[in-house]
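Everything below belongs to data10.cif, which stores mmCIF, C-alpha atoms.
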```cif
data_start
loop_
_atom_site.label_atom_id
_atom_site.label_comp_id
_atom_site.auth_asym_id
_atom_site.auth_seq_id
_atom_site.Cartn_x
_atom_site.Cartn_y
_atom_site.Cartn_z
CA MET Z 55 10.73 -34.72 -10.54
CA LYS Z 56 13.88 -32.78 -9.75
CA GLU Z 57 13.43 -30.28 -6.96
CA LYS Z 58 14.27 -26.67 -7.72
CA SER Z 59 16.79 -24.91 -5.53
CA TYR Z 60 16.54 -21.27 -4.54
CA SER Z 61 19.02 -18.88 -3.02
CA VAL Z 62 18.39 -15.91 -0.77
CA GLN Z 63 20.29 -12.70 -1.48
CA LEU Z 64 20.63 -9.83 0.98
CA LEU Z 65 19.60 -6.71 -0.91
CA CYS Z 66 20.23 -4.18 1.81
CA ASP Z 67 20.88 -4.04 5.56
CA LEU Z 68 18.32 -1.73 7.15
CA SER Z 69 19.46 -2.21 10.74
CA PRO Z 70 21.67 0.93 11.01
CA SER Z 71 18.62 3.07 10.19
CA LEU Z 72 16.72 1.49 13.08
CA ASN Z 73 19.23 2.40 15.77
CA HIS Z 74 17.31 5.52 16.77
CA GLY Z 75 13.75 4.66 15.82
CA LYS Z 76 11.19 1.88 15.52
CA LEU Z 77 10.14 0.58 12.10
CA GLU Z 78 6.61 1.93 11.58
CA ALA Z 79 5.80 1.51 7.88
CA PHE Z 80 7.36 -0.49 5.06
CA GLY Z 81 6.79 -0.77 1.32
CA SER Z 82 8.41 -2.24 -1.78
CA LEU Z 83 8.67 -0.28 -5.02
CA ASP Z 84 8.36 -1.47 -8.61
CA ASN Z 85 12.14 -1.36 -9.15
CA ARG Z 86 12.78 -3.60 -6.09
CA ASP Z 87 13.88 -0.68 -3.94
CA ILE Z 88 12.47 -0.49 -0.43
CA VAL Z 89 10.94 2.56 1.22
CA PHE Z 90 10.26 2.65 4.95
CA ALA Z 91 9.46 4.96 7.83
CA THR Z 92 10.85 4.91 11.35
CA SER Z 93 9.65 6.79 14.40
CA GLY Z 94 11.38 10.12 14.91
CA GLU Z 95 12.57 11.75 18.09
CA LYS Z 96 9.29 13.59 18.62
CA PHE Z 97 5.83 12.10 19.16
CA GLN Z 98 4.08 11.19 15.87
CA SER Z 99 7.12 12.10 13.79
CA TYR Z 100 8.66 9.93 11.09
CA ARG Z 101 11.94 9.58 9.26
CA ILE Z 102 11.52 8.39 5.68
CA PHE Z 103 14.22 6.22 4.07
CA ILE Z 104 14.80 4.47 0.75
CA SER Z 105 17.25 1.74 -0.19
CA VAL Z 106 19.14 2.50 -3.42
CA ALA Z 107 21.98 0.35 -4.78
CA GLU Z 108 22.50 -1.36 -1.41
CA GLN Z 109 22.59 1.98 0.39
CA VAL Z 110 19.99 3.50 2.69
CA ILE Z 111 19.26 7.18 2.12
CA GLN Z 112 17.05 9.41 4.25
CA LEU Z 113 14.51 11.20 2.07
CA ALA Z 114 12.55 13.30 4.53
CA GLU Z 115 11.50 13.93 8.10
CA ILE Z 116 7.84 14.43 8.93
CA GLU Z 117 6.63 15.99 12.16
CA LYS Z 118 3.27 16.39 13.90
CA GLU Z 119 1.49 13.72 11.88
CA SER Z 120 -1.87 13.13 13.55
CA LEU Z 121 -2.28 9.44 12.61
CA THR Z 122 -0.22 6.33 13.28
CA GLN Z 123 1.06 5.11 9.91
CA HIS Z 124 1.28 1.51 8.68
CA HIS Z 125 1.95 1.73 4.92
CA ILE Z 126 4.29 3.85 2.82
CA GLN Z 127 4.80 4.35 -0.92
CA LEU Z 128 6.28 6.99 -3.20
CA LEU Z 129 4.19 9.00 -5.65
CA PRO Z 130 5.33 10.80 -8.82
CA GLU Z 131 6.55 14.39 -8.50
CA ASP Z 132 8.66 13.65 -5.40
CA ARG Z 133 5.76 12.92 -3.05
CA ILE Z 134 5.46 10.51 -0.15
CA LEU Z 135 2.25 8.60 0.63
CA LEU Z 136 1.66 7.44 4.20
CA VAL Z 137 -1.46 5.40 4.99
CA CYS Z 138 -3.05 4.45 8.29
CA ALA Z 139 -4.75 1.04 8.03
CA ARG Z 140 -7.72 2.04 10.18
CA ALA Z 141 -10.25 4.81 9.61
CA ASP Z 142 -13.68 5.98 10.69
CA CYS Z 143 -16.22 5.71 7.87
CA LEU Z 144 -18.98 8.28 8.27
CA SER Z 145 -20.71 7.32 5.03
CA PHE Z 146 -19.65 5.53 1.86
CA GLY Z 147 -16.48 7.17 0.55
CA LYS Z 148 -16.25 9.68 3.40
CA GLY Z 149 -14.43 9.58 6.72
CA THR Z 150 -10.98 9.87 8.25
CA LEU Z 151 -8.38 11.19 5.81
CA ASN Z 152 -6.07 8.23 6.45
CA GLY Z 153 -4.05 8.71 3.27
CA ARG Z 154 -1.45 11.43 3.91
CA ILE Z 155 0.60 12.96 1.08
CA TYR Z 156 3.81 14.82 1.91
CA GLY Z 157 6.52 16.54 -0.06
CA MET Z 158 10.18 15.59 0.27
CA ASP Z 159 10.60 18.70 2.40
CA GLY Z 160 8.27 17.17 5.00
CA ARG Z 161 5.42 19.53 4.19
CA PHE Z 162 1.88 18.12 4.34
CA LEU Z 163 0.19 18.42 0.95
CA LYS Z 164 -3.12 16.57 1.02
CA GLY Z 165 -5.29 14.12 2.97
CA LEU Z 166 -7.32 11.38 1.27
CA HIS Z 167 -9.93 8.91 2.55
CA PHE Z 168 -8.97 5.31 1.74
CA GLY Z 169 -11.42 3.50 4.00
CA ASP Z 170 -10.98 1.11 6.92
CA ALA Z 171 -9.15 -2.23 7.35
CA ILE Z 172 -6.44 -1.78 4.73
CA GLU Z 173 -4.31 -4.88 4.18
CA ASP Z 174 -1.81 -3.35 1.76
CA ILE Z 175 -1.13 -0.25 -0.33
CA GLN Z 176 0.92 -0.23 -3.53
CA VAL Z 177 1.45 2.46 -6.15
CA SER Z 178 2.12 1.93 -9.87
CA PRO Z 179 4.71 4.05 -11.70
CA ASP Z 180 1.98 6.36 -13.08
CA GLY Z 181 0.72 7.12 -9.56
CA THR Z 182 -2.33 4.85 -9.43
CA ILE Z 183 -2.86 3.84 -5.80
CA TRP Z 184 -4.05 0.27 -5.18
CA GLY Z 185 -5.50 -0.76 -1.83
CA SER Z 186 -6.44 -4.24 -0.63
CA PHE Z 187 -8.64 -4.89 2.41
CA PHE Z 188 -9.16 -7.52 5.09
CA ASP Z 189 -12.48 -8.85 6.30
CA GLN Z 190 -13.40 -6.07 8.72
CA GLY Z 191 -13.38 -3.63 5.81
CA VAL Z 192 -15.16 -5.93 3.36
CA LEU Z 193 -18.01 -6.61 5.80
CA ARG Z 194 -18.48 -2.93 6.65
CA HIS Z 195 -21.25 -1.67 4.37
CA GLU Z 196 -20.25 2.00 4.45
CA ASN Z 197 -16.58 1.24 3.77
CA ILE Z 198 -15.15 2.23 0.38
CA GLY Z 199 -13.11 -1.00 0.45
CA ARG Z 200 -16.03 -3.40 0.73
CA SER Z 201 -15.14 -5.02 -2.64
CA GLY Z 202 -11.75 -6.01 -1.18
CA LEU Z 203 -9.65 -4.28 -3.87
CA VAL Z 204 -9.84 -0.64 -4.94
CA ALA Z 205 -7.70 1.77 -6.97
CA TRP Z 206 -7.53 5.58 -6.90
CA ASN Z 207 -5.65 8.19 -8.84
CA ASP Z 208 -3.19 10.37 -6.96
CA GLN Z 209 -5.94 12.91 -6.28
CA GLY Z 210 -7.95 10.33 -4.35
CA GLU Z 211 -10.58 9.75 -7.05
CA GLN Z 212 -11.65 6.12 -7.26
CA VAL Z 213 -10.82 4.57 -10.64
CA TYR Z 214 -11.36 0.85 -9.97
CA ASP Z 215 -13.52 -1.39 -7.78
CA TYR Z 216 -13.05 -5.17 -7.89
CA SER Z 217 -15.73 -7.28 -9.56
CA SER Z 218 -15.10 -11.01 -9.31
CA SER Z 219 -16.87 -11.98 -12.56
CA GLY Z 220 -17.88 -15.34 -11.13
CA LEU Z 221 -14.67 -16.13 -9.24
CA GLY Z 222 -16.13 -15.49 -5.81
CA ILE Z 223 -16.00 -12.36 -3.70
CA ILE Z 224 -12.99 -11.13 -1.76
CA MET Z 225 -13.40 -11.65 1.97
CA ASP Z 226 -9.74 -10.99 2.77
CA CYS Z 227 -7.13 -10.04 0.17
CA TYR Z 228 -4.08 -11.99 1.34
CA ALA Z 229 -1.63 -10.76 -1.32
CA LEU Z 230 -1.37 -7.81 -3.70
CA ASN Z 231 1.29 -7.13 -6.34
CA VAL Z 232 1.24 -4.12 -8.64
CA GLU Z 233 3.44 -5.31 -11.48
CA SER Z 234 3.26 -2.28 -13.78
CA ASN Z 235 1.00 0.58 -14.85
CA GLY Z 236 -1.47 -1.82 -16.46
CA VAL Z 237 -1.07 -5.07 -14.53
CA THR Z 238 -2.03 -5.96 -10.95
CA TRP Z 239 -2.22 -9.35 -9.24
CA ALA Z 240 -4.37 -10.35 -6.25
CA TYR Z 241 -4.78 -13.52 -4.17
CA TYR Z 242 -7.67 -13.78 -1.78
CA TYR Z 243 -9.87 -15.74 0.60
CA THR Z 244 -12.29 -17.56 0.36
CA ASP Z 245 -11.76 -19.39 -2.95
CA PHE Z 246 -8.03 -18.54 -3.19
CA PRO Z 247 -7.77 -17.64 -6.87
CA LEU Z 248 -4.64 -15.90 -8.12
CA VAL Z 249 -6.11 -13.16 -10.31
CA LYS Z 250 -4.39 -11.09 -13.00
CA ILE Z 251 -5.98 -7.71 -13.71
CA ARG Z 252 -4.92 -5.87 -16.86
CA ASP Z 253 -6.30 -2.42 -17.66
CA GLN Z 254 -8.92 -2.88 -14.91
CA ALA Z 255 -10.27 -6.17 -16.28
CA ILE Z 256 -9.60 -9.76 -15.14
CA VAL Z 257 -7.65 -11.41 -17.93
CA ALA Z 258 -6.36 -14.59 -16.24
CA TYR Z 259 -6.60 -16.54 -13.01
CA LEU Z 260 -5.34 -19.70 -11.37
CA SER Z 261 -7.51 -21.65 -8.95
CA PRO Z 262 -6.23 -24.20 -6.39
#
```

This structure in structure tokens:
Amino acid sequence: MKEKSYSVQLLCDLSPSLNHGKLEAFGSLDNRDIVFATSGEKFQSYRIFISVAEQVIQLAEIEKESLTQHHIQLLPEDRILLVCARADCLSFGKGTLNGRIYGMDGRFLKGLHFGDAIEDIQVSPDGTIWGSFFDQGVLRHENIGRSGLVAWNDQGEQVYDYSSSGLGIIMDCYALNVESNGVTWAYYYTDFPLVKIRDQAIVAYLSP
């Protein structure tokens, strides 16, 4: 069998944007652009950047954010979503507002509770927010992410909760890819299936 060859292409050099701040949060968008946050000059402040056509553009500067941020995505209507991976869960669906929505002017708009032990956050073009979780969140009974994969609308209302339909439960969601408004992929431990979810239903999977 002939081996396939692959090439690596540099999409954008982010290093100039890191000269005055540490990379804090990073996310890929559906159009292959990259959005990321660096630490600002002040404590708990962030500079938000996006790569567009091989250029890096600063979108916003956020100050006095109370939580350390690990994930970043863009929402419709010129909004920025920052998410802290860890949260206190007081009861199921309630706890630390670790999802933080900001406007492009840096103004805080809304806090949402996304649960504890978040592995990844991705947003579809219509604003649906998908969150995957690692084992500490799955094994925590009061955690909203105990199924391993959850989706919310941009108001923080839960619209999807993973049901394995016989494939085995998620203990740790290793990979998440939101392909489009209707299609999401997930790959998880322990059985390692690659699962395709269309319109909130499993429509295909590959098992090792």

Item to complete: Find the distance between atom CA of Z:Thr92 and atom CA of Z:Gly153 and write it in Å to one decimal.
Response: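 Distance between the two atoms: 17.4 Å.
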
Practice prompt. Go through the shown structure with the PyMOL selection byres ((chain Z and resi 113) around 6) and write out the matching residues as a list in words.
Written response: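 In the shown coordinates, the PyMOL selection byres ((chain Z and resi 113) around 6) covers Ile102, Phe103, Gln112 and Ala114 of chain Z.
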
Per-residue nearest contacts stretch 67-126 of chain Z to stretch 160-172 of chain Z, cut-off 10 Å, using only C-alpha atoms, as a Markdown table:
```
| residue | atom | partner | partner_atom | distance |
| --- | --- | --- | --- | --- |
| Z:Tyr100 | CA | Z:Gly160 | CA | 9.5 |
| Z:Arg101 | CA | Z:Gly160 | CA | 9.4 |
| Z:Ile102 | CA | Z:Gly160 | CA | 9.4 |
| Z:Leu113 | CA | Z:Gly160 | CA | 9.1 |
| Z:Ala114 | CA | Z:Gly160 | CA | 5.8 |
| Z:Glu115 | CA | Z:Gly160 | CA | 5.5 |
| Z:Ile116 | CA | Z:Gly160 | CA | 4.8 |
| Z:Glu117 | CA | Z:Gly160 | CA | 7.4 |
| Z:Lys118 | CA | Z:Phe162 | CA | 9.8 |
| Z:Glu119 | CA | Z:Phe162 | CA | 8.7 |
| Z:His124 | CA | Z:Ile172 | CA | 9.3 |
| Z:His125 | CA | Z:Ile172 | CA | 9.1 |
```

Discussion item. Expand the PyMOL selection byres ((chain Z and resi 248) around 7) into the explicit residue set it covers here, and present it as a list in words.
Written reply: Ala240, Tyr241, Phe246, Pro247, Val249, Lys250, Tyr259, Leu260 and Ser261 of chain Z

Discussion item. Could you tell me, as a PyMOL selection string, exactly which residues end up selected when the PyMOL selection byres ((chain Z and resi 235-238) around 12) is applied to this structure?
Written reply: chain Z and resi 84+176-186+203-205+207+214+216+229-234+239-241+248-259
